[in-house]
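Coordinates from upload.cif are shown below (mmCIF, C-alpha atoms).
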data_coords
#
loop_
_atom_site.group_PDB
_atom_site.id
_atom_site.type_symbol
_atom_site.label_atom_id
_atom_site.label_comp_id
_atom_site.auth_asym_id
_atom_site.auth_seq_id
_atom_site.Cartn_x
_atom_site.Cartn_y
_atom_site.Cartn_z
ATOM 1 C CA MET A 1 24.177 168.176 50.582
ATOM 2 C CA PRO A 2 23.881 171.799 51.809
ATOM 3 C CA ARG A 3 21.139 173.943 50.355
ATOM 4 C CA LEU A 4 22.527 176.844 48.337
ATOM 5 C CA GLY A 5 19.375 178.904 47.700
ATOM 6 C CA PRO A 6 19.775 181.527 50.467
ATOM 7 C CA ARG A 7 23.501 181.762 49.827
ATOM 8 C CA ILE A 8 23.048 182.364 46.113
ATOM 9 C CA LEU A 9 20.439 185.061 46.806
ATOM 10 C CA PHE A 10 22.777 186.631 49.329
ATOM 11 C CA LEU A 11 25.680 186.579 46.870
ATOM 12 C CA ALA A 12 23.576 188.163 44.145
ATOM 13 C CA CYS A 13 22.204 190.875 46.415
ATOM 14 C CA CYS A 14 25.373 191.846 48.228
ATOM 15 C CA CYS A 15 28.414 190.941 46.208
ATOM 16 C CA LEU A 16 27.685 191.021 42.513
ATOM 17 C CA CYS A 17 25.404 194.044 42.219
ATOM 18 C CA PRO A 18 26.415 197.500 43.379
ATOM 19 C CA PHE A 19 23.781 199.036 45.608
ATOM 20 C CA ASP A 20 23.691 202.549 44.189
ATOM 21 C CA GLY A 21 25.063 202.011 40.690
ATOM 22 C CA SER A 22 28.239 204.010 41.203
ATOM 23 C CA ALA A 23 31.730 202.708 40.534
ATOM 24 C CA GLN A 24 32.547 203.619 44.125
ATOM 25 C CA SER A 25 29.989 201.141 45.404
ATOM 26 C CA ARG A 26 31.897 198.194 43.942
ATOM 27 C CA GLY A 27 34.569 198.354 46.633
ATOM 28 C CA PRO A 28 34.274 196.987 50.154
ATOM 29 C CA LYS A 29 31.264 198.276 52.063
ATOM 30 C CA VAL A 30 31.067 199.145 55.713
ATOM 31 C CA ILE A 31 28.232 197.504 57.605
ATOM 32 C CA GLU A 32 26.022 200.327 58.823
ATOM 33 C CA ARG A 33 23.377 198.250 60.515
ATOM 34 C CA VAL A 34 22.405 194.616 61.099
ATOM 35 C CA VAL A 35 18.645 194.026 61.133
ATOM 36 C CA VAL A 36 16.739 190.910 62.233
ATOM 37 C CA MET A 37 13.134 190.556 61.122
ATOM 38 C CA GLY A 38 10.416 187.902 61.002
ATOM 39 C CA TYR A 39 10.833 186.343 64.444
ATOM 40 C CA ARG A 40 7.738 185.445 66.495
ATOM 41 C CA ARG A 41 8.515 183.184 69.451
ATOM 42 C CA LEU A 42 12.229 183.765 69.827
ATOM 43 C CA SER A 43 13.605 187.107 70.894
ATOM 44 C CA GLU A 44 15.767 189.259 68.662
ATOM 45 C CA ARG A 45 18.500 188.893 71.278
ATOM 46 C CA ASP A 46 18.418 185.071 70.964
ATOM 47 C CA ILE A 47 18.824 185.300 67.207
ATOM 48 C CA ARG A 48 21.532 187.968 67.372
ATOM 49 C CA ALA A 49 23.581 185.628 69.570
ATOM 50 C CA HIS A 50 24.339 183.677 66.367
ATOM 51 C CA ILE A 51 25.296 186.748 64.326
ATOM 52 C CA ARG A 52 28.946 187.771 64.534
ATOM 53 C CA MET A 53 28.988 190.686 62.080
ATOM 54 C CA ARG A 54 28.780 194.118 63.627
ATOM 55 C CA PRO A 55 28.274 197.678 62.370
ATOM 56 C CA GLY A 56 31.574 199.257 61.427
ATOM 57 C CA GLN A 57 33.087 196.073 60.008
ATOM 58 C CA LEU A 58 33.802 195.704 56.321
ATOM 59 C CA PHE A 59 31.149 193.551 54.764
ATOM 60 C CA THR A 60 32.189 190.291 53.121
ATOM 61 C CA TYR A 61 30.121 187.528 51.605
ATOM 62 C CA GLU A 62 31.889 185.083 53.927
ATOM 63 C CA LEU A 63 30.691 186.955 57.051
ATOM 64 C CA GLY A 64 27.092 186.829 55.875
ATOM 65 C CA ARG A 65 27.301 183.177 54.872
ATOM 66 C CA ARG A 66 28.796 182.141 58.205
ATOM 67 C CA ASP A 67 26.172 184.005 60.198
ATOM 68 C CA LEU A 68 23.352 182.550 58.107
ATOM 69 C CA ASP A 69 24.827 179.067 58.562
ATOM 70 C CA ARG A 70 24.989 179.611 62.352
ATOM 71 C CA ILE A 71 21.342 180.635 62.441
ATOM 72 C CA LEU A 72 20.217 177.691 60.299
ATOM 73 C CA ALA A 73 22.335 175.215 62.307
ATOM 74 C CA THR A 74 20.116 175.797 65.333
ATOM 75 C CA GLY A 75 17.319 173.854 63.606
ATOM 76 C CA LEU A 76 14.844 176.504 64.745
ATOM 77 C CA PHE A 77 14.434 178.179 61.353
ATOM 78 C CA ASP A 78 13.103 177.144 57.962
ATOM 79 C CA THR A 79 16.126 176.533 55.727
ATOM 80 C CA LYS A 80 14.151 177.280 52.571
ATOM 81 C CA GLN A 81 12.740 180.624 53.665
ATOM 82 C CA THR A 82 15.275 182.106 56.078
ATOM 83 C CA ARG A 83 17.650 184.387 54.223
ATOM 84 C CA VAL A 84 20.103 187.227 54.502
ATOM 85 C CA PHE A 85 20.381 190.132 52.101
ATOM 86 C CA GLY A 86 21.890 193.579 51.829
ATOM 87 C CA GLU A 87 20.337 196.956 51.240
ATOM 88 C CA SER A 88 21.972 200.305 50.537
ATOM 89 C CA GLY A 89 22.783 202.121 53.723
ATOM 90 C CA VAL A 90 22.107 205.827 54.205
ATOM 91 C CA ARG A 91 25.848 206.593 54.479
ATOM 92 C CA GLY A 92 26.909 204.600 51.409
ATOM 93 C CA GLY A 93 27.542 201.368 53.279
ATOM 94 C CA VAL A 94 25.319 198.343 53.590
ATOM 95 C CA GLU A 95 22.478 197.349 55.883
ATOM 96 C CA VAL A 96 22.507 193.590 56.339
ATOM 97 C CA VAL A 97 19.063 192.059 56.905
ATOM 98 C CA PHE A 98 18.466 188.601 58.363
ATOM 99 C CA GLU A 99 14.907 187.580 57.533
ATOM 100 C CA VAL A 100 14.065 184.538 59.630
ATOM 101 C CA VAL A 101 11.131 182.149 59.417
ATOM 102 C CA GLU A 102 10.723 180.059 62.542
ATOM 103 C CA MET A 103 9.827 176.398 62.282
ATOM 104 C CA PRO A 104 6.354 175.571 63.599
ATOM 105 C CA LEU A 105 5.777 173.838 66.918
ATOM 106 C CA ILE A 106 4.430 170.298 67.115
ATOM 107 C CA SER A 107 0.805 170.338 68.260
ATOM 108 C CA LYS A 108 0.421 166.534 68.472
ATOM 109 C CA VAL A 109 1.961 163.243 67.388
ATOM 110 C CA THR A 110 -0.138 160.150 66.731
ATOM 111 C CA PHE A 111 0.601 156.587 65.657
ATOM 112 C CA LYS A 112 -1.744 154.394 63.594
ATOM 113 C CA GLY A 113 -1.257 150.647 63.332
ATOM 114 C CA LEU A 114 0.361 150.029 66.710
ATOM 115 C CA SER A 115 -0.850 148.596 69.958
ATOM 116 C CA PRO A 116 -0.659 150.891 72.999
ATOM 117 C CA SER A 117 2.350 148.975 74.377
ATOM 118 C CA GLU A 118 4.176 149.213 71.013
ATOM 119 C CA GLU A 119 3.461 152.934 70.899
ATOM 120 C CA ILE A 120 4.889 153.440 74.411
ATOM 121 C CA GLU A 121 8.015 151.468 73.501
ATOM 122 C CA ILE A 122 8.521 153.528 70.338
ATOM 123 C CA VAL A 123 8.099 156.853 72.153
ATOM 124 C CA GLU A 124 10.622 155.740 74.798
ATOM 125 C CA ARG A 125 13.084 154.604 72.129
ATOM 126 C CA LEU A 126 12.701 157.892 70.231
ATOM 127 C CA ARG A 127 13.432 159.898 73.396
ATOM 128 C CA ALA A 128 16.409 157.680 74.231
ATOM 129 C CA ASN A 129 17.814 158.535 70.789
ATOM 130 C CA GLY A 130 17.303 162.286 71.208
ATOM 131 C CA ILE A 131 14.265 162.420 68.920
ATOM 132 C CA ASP A 132 11.763 164.442 70.928
ATOM 133 C CA LEU A 133 8.629 164.565 68.832
ATOM 134 C CA VAL A 134 6.334 165.880 71.536
ATOM 135 C CA LYS A 135 3.772 168.637 71.899
ATOM 136 C CA ASP A 136 5.349 172.120 71.800
ATOM 137 C CA ALA A 137 8.721 170.889 70.509
ATOM 138 C CA VAL A 138 10.091 172.625 67.417
ATOM 139 C CA TYR A 139 9.211 170.669 64.278
ATOM 140 C CA GLN A 140 12.375 169.467 62.562
ATOM 141 C CA PRO A 141 11.912 167.419 59.357
ATOM 142 C CA ARG A 142 15.191 165.551 59.915
ATOM 143 C CA LYS A 143 13.955 164.289 63.263
ATOM 144 C CA VAL A 144 10.768 163.005 61.650
ATOM 145 C CA GLN A 145 12.843 161.145 59.040
ATOM 146 C CA SER A 146 15.071 159.730 61.788
ATOM 147 C CA ALA A 147 11.950 158.665 63.697
ATOM 148 C CA GLN A 148 10.602 156.826 60.655
ATOM 149 C CA ARG A 149 13.881 154.908 60.293
ATOM 150 C CA LEU A 150 14.054 154.106 64.001
ATOM 151 C CA ILE A 151 10.445 152.881 64.111
ATOM 152 C CA LYS A 152 11.078 150.605 61.148
ATOM 153 C CA GLU A 153 14.297 149.221 62.674
ATOM 154 C CA LEU A 154 12.630 148.613 66.024
ATOM 155 C CA LEU A 155 9.645 146.810 64.528
ATOM 156 C CA ASN A 156 11.917 144.736 62.268
ATOM 157 C CA SER A 157 13.867 143.687 65.382
ATOM 158 C CA HIS A 158 10.544 142.492 66.869
ATOM 159 C CA GLY A 159 9.913 140.231 63.887
ATOM 160 C CA TRP A 160 7.763 142.534 61.784
ATOM 161 C CA ARG A 161 8.467 142.115 58.066
ATOM 162 C CA GLU A 162 8.114 144.563 55.192
ATOM 163 C CA VAL A 163 7.341 147.411 57.567
ATOM 164 C CA GLN A 164 6.146 150.658 56.027
ATOM 165 C CA VAL A 165 6.251 153.853 58.084
ATOM 166 C CA THR A 166 4.746 156.959 56.556
ATOM 167 C CA GLY A 167 4.234 160.378 58.029
ATOM 168 C CA ALA A 168 1.309 162.661 57.338
ATOM 169 C CA PHE A 169 1.335 166.290 58.365
ATOM 170 C CA GLU A 170 -1.240 168.989 58.960
ATOM 171 C CA SER A 171 0.351 172.349 59.368
ATOM 172 C CA SER A 172 -0.176 176.046 59.746
ATOM 173 C CA ALA A 173 2.440 178.765 60.053
ATOM 174 C CA GLN A 174 2.785 178.127 63.779
ATOM 175 C CA PHE A 175 1.829 174.478 64.384
ATOM 176 C CA VAL A 176 2.163 171.047 62.798
ATOM 177 C CA SER A 177 0.546 167.747 63.742
ATOM 178 C CA ILE A 178 2.317 164.541 62.798
ATOM 179 C CA GLU A 179 0.652 161.200 62.190
ATOM 180 C CA PHE A 180 2.781 158.098 61.669
ATOM 181 C CA THR A 181 1.025 155.248 59.892
ATOM 182 C CA ILE A 182 2.684 151.892 60.373
ATOM 183 C CA SER A 183 1.804 148.879 58.227
ATOM 184 C CA ARG A 184 3.326 145.473 57.651
ATOM 185 C CA SER A 185 2.706 142.360 55.646
ATOM 186 C CA LYS A 186 1.686 139.327 57.651
#

Written as structure tokens, that's how I'd like the structure from this file.
Amino acid sequence: MPRLGPRILFLACCCLCPFDGSAQSRGPKVIERVVVMGYRRLSERDIRAHIRMRPGQLFTYELGRRDLDRILATGLFDTKQTRVFGESGVRGGVEVVFEVVEMPLISKVTFKGLSPSEEIEIVERLRANGIDLVKDAVYQPRKVQSAQRLIKELLNSHGWREVQVTGAFESSAQFVSIEFTISRSK
């Protein structure tokens, strides 16, 4: 189910509340400027490639929502913290601000409870399924969940029973280390 938090904030900021309190401000607003802030590793140009709205266009909630969805669909940004909002422009229009929070990079991935050959097989299977949980890859929670399922399925196919795969994480703003703990009943 899609997360609505940033969209609701965007709707409240840009569509329901007039920016300067005047009756005039309730009509369509012209986009004066589109601002991107909060990026660290990616360039502003890379992020702007996903933004279709341009200065001079009439602002609509739909434009903002689509651009935010495009940015979030890359998987490079935190879906809970990345947002878009509007501010009053100097000429009576609107300045649209995309505040992005990049996902951290993976610093290391470890496996507990596996033999070295089982670990190699799992890493190869993960890569074959497009789940690259390797050093310096962008951390994506969905990929970690997919990895947990795949590990369990693989070990079940090798005769392991009642397999439990848990992930533990140590993170900072820029890096995350992932540790998979694998256990089974004998």

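Using all atoms listed in the file, the smallest distance between any of A:Gln148, A:Asn156, A:Ser107, A:Ser117 and Gln174 in chain A comes from A:Ser107.
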
- Message: Here's the selection I'm unsure about, the PyMOL selection byres ((chain A and resi 140) around 9); applied to the file above, which residues does it give, as a VMD selection string?
- Response: chain A and resid 75 to 76 78 103 to 104 133 137 to 139 141 to 144

Step by step, gather every atom of range 50-53 of chain A that the file lists, find the box along x, y and z that holds them, add 5 Å on each side, and finally give centre and edge lengths in Å to one decimal, as lines of an AutoDock Vina configuration file.
center_x = 26.7
center_y = 187.2
center_z = 64.2
size_x = 14.6
size_y = 17.0
size_z = 14.3

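When CA of Leu150 in chain A is paired with CA of Ile106 in chain A, their separation reads 19.1 Å.
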
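Of note, CA of Trp160 in chain A and CA of Gly113 in chain A are spaced 12.2 Å apart.
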
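Here the selection is built from only C-alpha atoms, and the residues within 7 Å of (27.0, 195.8, 58.8) turn out to be Val30, Ile31, Glu32, Arg33, Val34, Met53, Arg54, Pro55, Gly56, Gln57, Phe59, Val94, Glu95 and Val96 of chain A.
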
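Evaluating the PyMOL selection byres ((chain A and resi 123) around 12) against the shown model yields A:Val109, A:Thr110, A:Phe111, A:Leu114, A:Pro116, A:Ser117, A:Glu118, A:Glu119, A:Ile120, A:Glu121, A:Ile122, A:Glu124, A:Arg125, A:Leu126, A:Arg127, A:Ala128, A:Asn129, A:Gly130, A:Ile131, A:Asp132, A:Leu133, A:Val134, A:Ala147, A:Gln148, A:Leu150, A:Ile151, A:Leu154, A:Phe180.
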
- Task: Mind giving me the straight-line distance from CA of Glu153 in chain A to CA of Glu179 in chain A in Å, one decimal?
- Result: 18.2 Å

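Take the candidates A:Thr74, A:Leu68, A:Val101, A:Ile47 and check each one against Ala173 in chain A using all atoms listed in the file; the shortest distance goes to A:Val101.
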
- Residue contacts of Glu162 in chain A (12 Å, only C-alpha atoms) excluding same-chain residues fewer than 2 positions away, as number ranges by chain: A: 152-153, 155-157, 159-160, 164-165, 182-186

- Expand the PyMOL selection byres ((chain A and resi 67) around 12) into the individual residues it matches in the shown file, reporting them as a count of residues only. 34

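Candidate residues A:Ser171, A:Thr166, A:Arg91, A:Val35 were compared for distance to Leu105 in chain A, and the nearest is A:Ser171, using only C-alpha atoms.
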